[in-house]
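In what follows, a structure is listed as structure tokens, so that the remarks can point back to it.
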Amino acid sequence: MKEYSIVIPAYNEADKISSTLTQVVSFMRTFSQSYEVIVVDDGSRDTTADMVAEFQKNNPEVLVVRNPHKGKSYAVYTGITRAEGDLIYICDADLSTPITELKKLVVWAKDQDFDVVIGSREGKGAQRIGEPAYRHMIGRIFNMLVQVLALPGIKDSQCGFKLLKNNEAKHIFNNLIVYGPEAKITQKPFFGAFDVEVLYLARKYGYKIKEVPVIWRYVKTTRLNFIENSYKMARDVMKIRLNDIRGKYKVEA
């Protein structure tokens, strides 16, 4: 077993993936003696996967996994199943939250024994840099829906930077339904509300969750229809709640 697994889902990130890997590897070499970086390419149409493979030649701690295009949730699921680290850090390819913020999350997992530690853009100490007002407003409305239907008390379920213990992560991800292994190949980019299903199951299984304020910088993207994606996410939050009402999420005795 390694100490850390860094799981990075990536879709058409050729413009930034080399810089991201350089930052991640440079930091991890000073932070841990035993780690791996798993880049899961979500069927990119550019050279993302090839660039990671080239980077891997001189950095054996980096691994590229090539997926069909099934969306971010399936890419993260794939990375979790491959991860060997005691602690698994899910990290967006744009590093909108700097890799150095991992230090804040690790304290709660190692010293305070939390099972799931999530980066949060809300709360004292959090910083949102450069985010358009309309994006923030839509995000807060979505969070209100999430808190009412699924995750009361969690101020930011959607920040893409999360740290989980290995066994707990595999237990959670192996029981996903809305965003589980049966994901279908898609033609459009879609990040979805898989974070909600992950955290919903973490609570259902009795795992300890800690929300930690982090620094987050808005990175503009033109690949995603934000309004359409927000609607689909809201729909999926309803599915998650209905799945539980119908007893589809099993809890072992």
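By order of appearance in the structure tokens: chains A, B, ..., then residues from 1 within every chain, and ligands from 1 in the order shown.
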
I'd like the contact shell of Thr97 of chain A - 7 Å cut-off, only C-alpha atoms, skipping same-chain residues fewer than 4 positions apart - returned as a PyMOL selection string. chain A and resi 101+215-217

Got time to write the residues from that selection, C-alpha atoms, as a short mmCIF file (atom, residue, chain, number, x, y, z; two decimals), in the first residue's frame?
```cif
data_model
loop_
_atom_site.label_atom_id
_atom_site.label_comp_id
_atom_site.auth_asym_id
_atom_site.auth_seq_id
_atom_site.Cartn_x
_atom_site.Cartn_y
_atom_site.Cartn_z
CA GLU A 101 -4.39 22.67 0.17
CA ILE A 215 -8.78 28.40 -1.55
CA TRP A 216 -10.56 28.05 -4.89
CA ARG A 217 -9.99 29.97 -8.11
#
```

Can you list, as a ChimeraX atom specification, every protein, DNA or RNA residue that comes within 12 Å of Gly130 of chain A when you count only C-alpha atoms, leaving out same-chain residues fewer than 3 positions away?
/A:96,127,133-136,215-220

Given the selection you just returned, output its residues as a file containing C-alpha atoms, formatted as an mmCIF file, in the first residue's frame.
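Final output, saved to out39.cif:
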```
data_model
loop_
_atom_site.group_PDB
_atom_site.id
_atom_site.type_symbol
_atom_site.label_atom_id
_atom_site.label_comp_id
_atom_site.auth_asym_id
_atom_site.auth_seq_id
_atom_site.Cartn_x
_atom_site.Cartn_y
_atom_site.Cartn_z
ATOM 1 C CA SER A 96 -8.595 25.418 -9.146
ATOM 2 C CA GLN A 127 -11.616 31.967 -0.608
ATOM 3 C CA ALA A 133 -21.741 36.505 -9.446
ATOM 4 C CA TYR A 134 -24.307 34.512 -11.436
ATOM 5 C CA ARG A 135 -22.286 31.302 -11.004
ATOM 6 C CA HIS A 136 -22.097 31.830 -7.270
ATOM 7 C CA ILE A 215 -8.780 28.402 -1.548
ATOM 8 C CA TRP A 216 -10.564 28.046 -4.893
ATOM 9 C CA ARG A 217 -9.994 29.967 -8.108
ATOM 10 C CA TYR A 218 -12.650 30.109 -10.830
ATOM 11 C CA VAL A 219 -11.419 28.636 -14.111
ATOM 12 C CA LYS A 220 -13.562 29.521 -17.119
#
```

List every residue of segment 74-182 of chain A that has an atom at most 6 Å from any atom of segment 196-210 of chain A, giving for each one its closest atom pair and the distance in Å to one decimal, counting only C-alpha atoms, sorted by chain and then by ascending residue number, as JSON lines.
```
{"residue": "A:Phe114", "atom": "CA", "partner": "A:Lys208", "partner_atom": "CA", "distance": 5.1}
{"residue": "A:Asp115", "atom": "CA", "partner": "A:Lys208", "partner_atom": "CA", "distance": 5.2}
{"residue": "A:Val116", "atom": "CA", "partner": "A:Ile209", "partner_atom": "CA", "distance": 4.8}
{"residue": "A:Val117", "atom": "CA", "partner": "A:Lys210", "partner_atom": "CA", "distance": 4.7}
```

Give me, as a tab-separated table, the closest atom pair and its distance (Å, one decimal) for every residue of segment 7-40 of chain A within a cut-off of 9 Å of segment 60-78 of chain A, counting only C-alpha atoms, rows sorted by chain and rising number.
```
residue	atom	partner	partner_atom	distance
A:Val7	CA	A:Val76	CA	6.9
A:Ile8	CA	A:Val76	CA	7.3
A:Pro9	CA	A:Ala75	CA	5.5
A:Ala10	CA	A:Lys72	CA	7.6
A:Tyr11	CA	A:Lys72	CA	8.0
A:Leu21	CA	A:Val62	CA	8.4
A:Val25	CA	A:Glu61	CA	8.3
A:Ser34	CA	A:Glu61	CA	9.0
A:Tyr35	CA	A:Glu61	CA	6.9
A:Glu36	CA	A:Glu61	CA	4.9
A:Val37	CA	A:Val62	CA	4.7
A:Ile38	CA	A:Leu63	CA	4.9
A:Val39	CA	A:Val64	CA	4.9
A:Val40	CA	A:Val65	CA	4.7
```

For Pro213 of chain A, list every protein, DNA or RNA residue within 10 Å, evaluated using only C-alpha atoms, and leave out those in the same chain fewer than 5 positions away; present the list as a list in words.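 Contacts, in chain order: Glu101, Lys104, Leu105, Ile118, Gly119, Ser120, Arg121, Glu122, Gly123, Lys124, Gly125, Ala126, Gln127 and Asp156 of chain A.
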
Contact residues around segment 233-247 of chain A with only C-alpha atoms at 9 Å, ignoring same-chain residues under 4 positions, as a PyMOL selection string:
chain A and resi 142+145-146+149-150+177-178+191-194+196-197+200+228-229

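Distance-wise, atom CA of Met137 of chain A and atom CA of Lys232 of chain A end up 17.2 Å apart.
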
Please identify the alpha helix (DSSP H) residues within segment 10-239 of chain A (assignment by DSSP from backbone atoms) and present them as a ChimeraX atom specification.
/A:17-31,48-56,72-82,102-110,133-149,166-173,194-204,226-239

- Give the strand (DSSP E or B) residues of segment 118-171 of chain A, as assigned by DSSP on the backbone, as a ChimeraX atom specification. /A:118-120,127-129,162-165

Hey, can you spit out that residue selection with C-alpha atoms as an mmCIF file, in the first residue's frame?
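Dumped to selection_18.cif:
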```
data_model
loop_
_atom_site.group_PDB
_atom_site.id
_atom_site.type_symbol
_atom_site.label_atom_id
_atom_site.label_comp_id
_atom_site.auth_asym_id
_atom_site.auth_seq_id
_atom_site.Cartn_x
_atom_site.Cartn_y
_atom_site.Cartn_z
ATOM 1 C CA ILE A 118 -14.048 17.619 1.679
ATOM 2 C CA GLY A 119 -12.739 20.928 0.438
ATOM 3 C CA SER A 120 -15.309 23.686 0.843
ATOM 4 C CA GLN A 127 -11.616 31.967 -0.608
ATOM 5 C CA ARG A 128 -13.460 32.175 -3.949
ATOM 6 C CA ILE A 129 -11.301 33.994 -6.457
ATOM 7 C CA LYS A 162 -12.011 15.475 -1.615
ATOM 8 C CA LEU A 163 -9.928 13.156 0.576
ATOM 9 C CA LEU A 164 -11.204 9.690 1.538
ATOM 10 C CA LYS A 165 -9.790 6.695 3.351
#
```

(message) Let me make sure I understand: among A:Ser18, A:Thr81, A:Thr100, A:Thr48, which one has the smallest atom-to-atom distance to Thr30 of chain A if we use only C-alpha atoms?
(response)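 The answer is A:Thr100, which sits nearest to Thr30 of chain A.
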
Restricting to only C-alpha atoms, whichever of A:Leu95, A:Ile17, A:Met144, A:Val214 is closest to Ser44 of chain A is A:Ile17

query: If we count only C-alpha atoms, what is near Glu3 of chain A at a cut-off of 10 Å, once residues fewer than 2 positions away on the same chain are taken out, given as a ChimeraX atom specification?
result: /A:1,5,32-36,84-88,166
